[in-house]
Amino acid sequence: MTGLGLTQLPPPDDLGPEQVLLVHDRSAGLEAIVVVDNLALGPAIGGVRLARDVTALEVARLARAMTFKNAAAGLPHGGGKAGILADPALPGPDKERLVRAFAVAVRSLPGYVPGPDMGTDETCMAWIHDEIGRCVGLPRVLGGIPLDTIGATGFGLAVCAEALDDAGRLALRGATVAVQGFGAVGRHAARFLVERGAVIVGVADTSGALIDPDGLDVDRLIGWKATGKGLADLPGALPQTLDDLLRLPCDVWIPAARPDVFTVENVDAVRARVILPGANLPATAQAEQRLTARGALVVPDFVANAGGVICGAVEYHGGTESDAFDRIRDRIRANTLEMLARSEADDLTPRAAAERMARDRIKEARGYRRRF
Ligand code: NAD
């Protein structure tokens with residue numbers, strides 16, 4: 001079990017983890033970890049990350065992020081996360097065997113509800129459901145709501161931006177926006193923001209960045225990406241680097257690709273006034289402090305990008321696609337406004353205010369748990 005870096009697991013604190021399951025199944029070639037961080041609000045929903053370099057520490061950090069995200073979103077769910085140490089490009093039958101073996105292993109953790117994450121998709125969720133009858137992110141035919149196809153998380157980001165506008169923290173009509181990552185989250189965020197009057201001035205994927213201060217044609221970019229090509233290959237485009245995107249003067253910068261995009265090394269070059277994270281943990285703690293210190297509004301990731309998990313929870317409780325959109329609109333709007341109000345009233349950073357909001361909900365729910 002050395003591959004997962006178990007010695008890096010942080011010690012438990014007042015929130016969790018409540019359960020940690022290590023799976024080492026030599027016959028199935030399975031090496032995995034599940035961290036059920038906190039169960040006060042209900043069964044822990046959290047994705048299954050399948051990657052060659054996933055670590056115990058990463059899973060523990062993400063499980064904690066899910067505790068805050070689910071609590072802050074007002075969901076009756078705790079937080080958890082799983083990591084399977086494997087190549088996401090495994091041949092189909094091998095991947096199926098591995099994921100089914102994982103499902104059998106987590107049968108003994110009824111408090112954990114698996115969902116899709118990097119390296120797993122709705123087909124993997126269907127295999128897990130077939131084995132243990134418990135997960136979110138299923139194909140439509142099994143009652144799933146395809147959150148990436150409908151753009152649940154990108155929609156939530158746009159709702160969050162709208163709430164910032166209502167609170168006087170952003171003028172959304174005409175606001176200039178840069179988006180790093182043009183996948184399930186980034187492209188839908190761009191589309192929903194344009195619908196609300198914003199102008200997308202920069203986008204990037206792994207092929208490079210496209211920048212136009214007069215505004216990019218988002219529909220054209222989405223159509224181009226649907227052909228399977230990179231943004232930098234767009235005919236007539238003058239591709240730029242991710243550093244150019246990072247330095248771009250704009251109102252809103254949306255990280256929607258990888259964690260730790262903002263570091264102490266690059267953060268002073270960032271010109272945006274609002275950071276609206278689609279990706280989880282997009283800034284190191286120090287980088288976030290520096291952004292906040294120079295007056296940027298860094299919306300906590302677990303407030304801004306909760307659209308996906310809200311959609312998953314609606315699916316888990318038997319709701320429809322339109323229920324999911326309604327719930328995302330209501331919850332993210334209310335949470336953003338409450339976070340801003342608490343931050344002002346208690347003189348806290350947005351992250352500290354949002355964490356306090358989540359902790360208050362967990363504390364209240366804990367009061368109903370058996371103490372004997
Ligand atoms: P995705 O795989 O669909 O898209 C990722 C995009 O990022 C791709 O366009 C890829 O080319 C681009 N990318 C990767 N590395 C890059 C780099 N170094 N520079 C520029 N672009 C890069 O993934 P997604 O579902 O859109 O998720 C994006 C992020 O948001 C992930 O960190 C994910 O964990 C997080 N997230 C996703 C959801 C969801 O609902 N899908 C919800 C919450 C958080």
# chains A, B, ... in the order shown; residues from 1 in each chain; ligands from 1
>>> residues_around(residues="A:Ala190", least_positions_apart="6", cutoff="9 Å", atoms="only C-alpha atoms", output="list in words")
Gly154, Ala158, Val177, Ala178, Val179, Phe182, Ala198, Val199, Ile200, Val203 and Val218 of chain A
>>> write_last_selection(atoms="C-alpha atoms", output="short mmCIF file (atom, residue, chain, number, x, y, z; two decimals), in the first residue's frame")
data_model
loop_
_atom_site.label_atom_id
_atom_site.label_comp_id
_atom_site.auth_asym_id
_atom_site.auth_seq_id
_atom_site.Cartn_x
_atom_site.Cartn_y
_atom_site.Cartn_z
CA GLY A 154 -21.11 25.72 -14.82
CA ALA A 158 -23.11 31.68 -13.25
CA VAL A 177 -14.17 36.77 -17.86
CA ALA A 178 -11.21 34.39 -18.35
CA VAL A 179 -11.81 30.63 -18.15
CA PHE A 182 -12.90 24.23 -21.41
CA ALA A 198 -20.67 38.71 -19.52
CA VAL A 199 -17.92 38.79 -22.15
CA ILE A 200 -15.47 35.89 -22.36
CA VAL A 203 -10.11 30.62 -22.52
CA VAL A 218 -18.26 30.89 -27.10
#
>>> residues_near_ligand(ligand="ligand 1", cutoff="7 Å", atoms="only C-alpha atoms and all ligand atoms", output="count of residues only")
31
>>> residues_around(residues="A:Arg61", least_positions_apart="4", cutoff="12 Å", atoms="only C-alpha atoms", output="ChimeraX atom specification")
/A:8-12,16-17,34-37,46,54-57,65-68,79-83,259,280-281
>>> write_last_selection(atoms="C-alpha atoms", output="tab-separated table (two decimals), in the first residue's frame")
chain	number	residue	atom	x	y	z
A	8	GLN	CA	0.92	11.58	4.62
A	9	LEU	CA	-2.64	11.07	5.94
A	10	PRO	CA	-3.36	14.04	8.24
A	11	PRO	CA	-4.34	13.22	11.83
A	12	PRO	CA	-8.09	13.33	12.58
A	16	GLY	CA	-13.13	13.72	10.91
A	17	PRO	CA	-12.36	11.51	9.22
A	34	VAL	CA	-11.97	5.67	0.90
A	35	VAL	CA	-12.09	8.57	3.36
A	36	VAL	CA	-15.50	9.16	4.92
A	37	ASP	CA	-14.80	12.51	6.50
A	46	GLY	CA	-18.09	12.09	-2.86
A	54	VAL	CA	-3.77	9.67	-6.59
A	55	THR	CA	-2.60	9.92	-2.97
A	56	ALA	CA	-4.12	9.35	0.46
A	57	LEU	CA	-3.48	13.02	1.31
A	65	ALA	CA	-13.73	19.77	0.88
A	66	MET	CA	-16.84	17.61	0.27
A	67	THR	CA	-17.84	17.88	3.95
A	68	PHE	CA	-17.80	21.67	3.64
A	79	GLY	CA	-18.44	14.43	2.83
A	80	GLY	CA	-16.24	11.63	1.54
A	81	LYS	CA	-13.93	10.75	-1.30
A	82	ALA	CA	-12.30	7.67	-2.78
A	83	GLY	CA	-9.11	7.11	-4.74
A	259	PRO	CA	-5.91	22.16	-8.47
A	280	ASN	CA	-11.49	22.27	-6.38
A	281	LEU	CA	-8.55	23.70	-4.39
>>> closest_residue(among="A:Cys135, A:Val23, A:Ile128, A:Met357", to="A:Leu340", atoms="only C-alpha atoms")
A:Met357
>>> closest_residue(among="A:Asp219, A:Asp14, A:Asp165, A:Asp260", to="A:Arg359", atoms="only C-alpha atoms")
A:Asp14
>>> residues_around(residues="A:Ala293", least_positions_apart="2", cutoff="12 Å", atoms="only C-alpha atoms", output="PyMOL selection string")
chain A and resi 267-268+273+286-291+295-298+349-350
>>> write_last_selection(atoms="all heavy atoms", output="short mmCIF file (atom, residue, chain, number, x, y, z; two decimals), in the first residue's frame")
data_model
loop_
_atom_site.label_atom_id
_atom_site.label_comp_id
_atom_site.auth_asym_id
_atom_site.auth_seq_id
_atom_site.Cartn_x
_atom_site.Cartn_y
_atom_site.Cartn_z
N VAL A 267 1.03 34.27 -8.33
CA VAL A 267 -0.22 34.93 -7.98
C VAL A 267 -0.15 36.47 -8.09
O VAL A 267 -1.17 37.12 -8.36
CB VAL A 267 -0.68 34.48 -6.57
CG1 VAL A 267 0.15 35.14 -5.48
CG2 VAL A 267 -2.15 34.74 -6.37
N ASP A 268 1.04 37.03 -7.95
CA ASP A 268 1.13 38.49 -8.03
C ASP A 268 0.86 39.02 -9.44
O ASP A 268 0.61 40.21 -9.63
CB ASP A 268 2.50 38.97 -7.52
CG ASP A 268 2.62 38.73 -6.02
OD1 ASP A 268 1.57 38.68 -5.35
OD2 ASP A 268 3.75 38.56 -5.54
N ARG A 273 -10.36 40.70 -10.50
CA ARG A 273 -10.89 41.19 -9.22
C ARG A 273 -11.69 40.13 -8.47
O ARG A 273 -11.89 40.20 -7.27
CB ARG A 273 -11.79 42.42 -9.47
CG ARG A 273 -11.02 43.64 -9.99
CD ARG A 273 -11.90 44.87 -10.06
NE ARG A 273 -13.13 44.62 -10.81
CZ ARG A 273 -14.33 44.56 -10.29
NH1 ARG A 273 -14.51 44.73 -9.00
NH2 ARG A 273 -15.38 44.35 -11.06
N GLN A 286 -1.43 30.08 0.74
CA GLN A 286 -0.68 31.35 0.70
C GLN A 286 -1.11 32.22 -0.48
O GLN A 286 -1.24 33.44 -0.36
CB GLN A 286 0.81 31.06 0.55
CG GLN A 286 1.55 30.97 1.86
CD GLN A 286 3.01 30.63 1.59
OE1 GLN A 286 3.30 29.68 0.87
NE2 GLN A 286 3.90 31.42 2.16
N ALA A 287 -1.32 31.58 -1.62
CA ALA A 287 -1.72 32.33 -2.82
C ALA A 287 -3.09 32.97 -2.58
O ALA A 287 -3.34 34.12 -2.95
CB ALA A 287 -1.75 31.40 -4.03
N GLU A 288 -3.99 32.21 -1.94
CA GLU A 288 -5.32 32.75 -1.68
C GLU A 288 -5.23 33.95 -0.72
O GLU A 288 -5.91 34.97 -0.92
CB GLU A 288 -6.23 31.65 -1.10
CG GLU A 288 -7.66 32.11 -0.92
CD GLU A 288 -8.64 30.97 -0.71
OE1 GLU A 288 -8.55 29.95 -1.41
OE2 GLU A 288 -9.52 31.12 0.16
N GLN A 289 -4.36 33.82 0.28
CA GLN A 289 -4.17 34.94 1.22
C GLN A 289 -3.70 36.19 0.48
O GLN A 289 -4.17 37.30 0.73
CB GLN A 289 -3.10 34.58 2.25
CG GLN A 289 -3.66 33.92 3.49
CD GLN A 289 -2.54 33.29 4.32
OE1 GLN A 289 -1.37 33.58 4.12
NE2 GLN A 289 -2.92 32.40 5.21
N ARG A 290 -2.76 36.01 -0.45
CA ARG A 290 -2.22 37.19 -1.17
C ARG A 290 -3.28 37.83 -2.05
O ARG A 290 -3.37 39.06 -2.12
CB ARG A 290 -1.05 36.76 -2.05
CG ARG A 290 0.19 36.60 -1.26
CD ARG A 290 1.39 37.00 -2.11
NE ARG A 290 2.55 36.29 -1.64
CZ ARG A 290 3.70 36.24 -2.27
NH1 ARG A 290 3.84 36.83 -3.44
NH2 ARG A 290 4.70 35.58 -1.77
N LEU A 291 -4.08 37.00 -2.69
CA LEU A 291 -5.16 37.55 -3.52
C LEU A 291 -6.12 38.36 -2.66
O LEU A 291 -6.51 39.47 -3.02
CB LEU A 291 -5.91 36.41 -4.22
CG LEU A 291 -5.21 35.76 -5.42
CD1 LEU A 291 -5.86 34.43 -5.77
CD2 LEU A 291 -5.27 36.70 -6.63
N GLY A 295 -7.20 42.69 -2.23
CA GLY A 295 -8.56 43.15 -2.46
C GLY A 295 -9.37 42.34 -3.44
O GLY A 295 -10.51 42.70 -3.75
N ALA A 296 -8.80 41.23 -3.92
CA ALA A 296 -9.59 40.38 -4.83
C ALA A 296 -10.61 39.59 -4.00
O ALA A 296 -10.34 39.26 -2.84
CB ALA A 296 -8.68 39.43 -5.59
N LEU A 297 -11.73 39.30 -4.60
CA LEU A 297 -12.73 38.47 -3.93
C LEU A 297 -12.54 37.03 -4.41
O LEU A 297 -12.79 36.71 -5.57
CB LEU A 297 -14.15 38.97 -4.29
CG LEU A 297 -15.32 38.09 -3.86
CD1 LEU A 297 -15.33 37.86 -2.35
CD2 LEU A 297 -16.65 38.71 -4.28
N VAL A 298 -12.05 36.17 -3.51
CA VAL A 298 -11.85 34.76 -3.87
C VAL A 298 -13.03 33.98 -3.30
O VAL A 298 -13.12 33.74 -2.10
CB VAL A 298 -10.53 34.21 -3.29
CG1 VAL A 298 -10.29 32.79 -3.79
CG2 VAL A 298 -9.36 35.11 -3.65
N THR A 349 -12.55 36.43 6.10
CA THR A 349 -12.36 36.19 4.66
C THR A 349 -13.57 35.39 4.18
O THR A 349 -14.23 34.70 4.97
CB THR A 349 -11.09 35.37 4.38
OG1 THR A 349 -11.25 34.08 4.99
CG2 THR A 349 -9.84 36.05 4.90
N PRO A 350 -13.87 35.44 2.87
CA PRO A 350 -14.99 34.65 2.37
C PRO A 350 -14.86 33.17 2.74
O PRO A 350 -15.84 32.53 3.11
CB PRO A 350 -14.90 34.86 0.86
CG PRO A 350 -14.23 36.18 0.70
CD PRO A 350 -13.27 36.29 1.84
#
>>> atom_distance(atom1="atom CA of A:Ala283", atom2="atom CA of A:Lys69")
16.4 Å
>>> residues_around(residues="stretch 333-336 of chain A", least_positions_apart="3", cutoff="7 Å", atoms="only C-alpha atoms", output="VMD selection string")
chain A and resid 72 to 73 159 to 160 163 303 329 to 330 339 to 340
>>> write_last_selection(atoms="C-alpha atoms", output="PDB file, in the first residue's frame")
ATOM      1  CA  ALA A  72     -22.576  24.707   2.793  1.00  0.00           C
ATOM      2  CA  ALA A  73     -24.945  23.649   0.009  1.00  0.00           C
ATOM      3  CA  VAL A 159     -25.703  31.764 -10.448  1.00  0.00           C
ATOM      4  CA  CYS A 160     -22.918  32.592  -7.991  1.00  0.00           C
ATOM      5  CA  ALA A 163     -25.540  36.744  -6.632  1.00  0.00           C
ATOM      6  CA  VAL A 303     -19.567  27.508  -2.448  1.00  0.00           C
ATOM      7  CA  ARG A 329     -30.283  28.269  -8.410  1.00  0.00           C
ATOM      8  CA  ASP A 330     -31.810  28.531  -4.923  1.00  0.00           C
ATOM      9  CA  MET A 339     -21.302  33.972   2.862  1.00  0.00           C
ATOM     10  CA  LEU A 340     -20.849  37.622   1.828  1.00  0.00           C
TER      11      LEU A 340
END
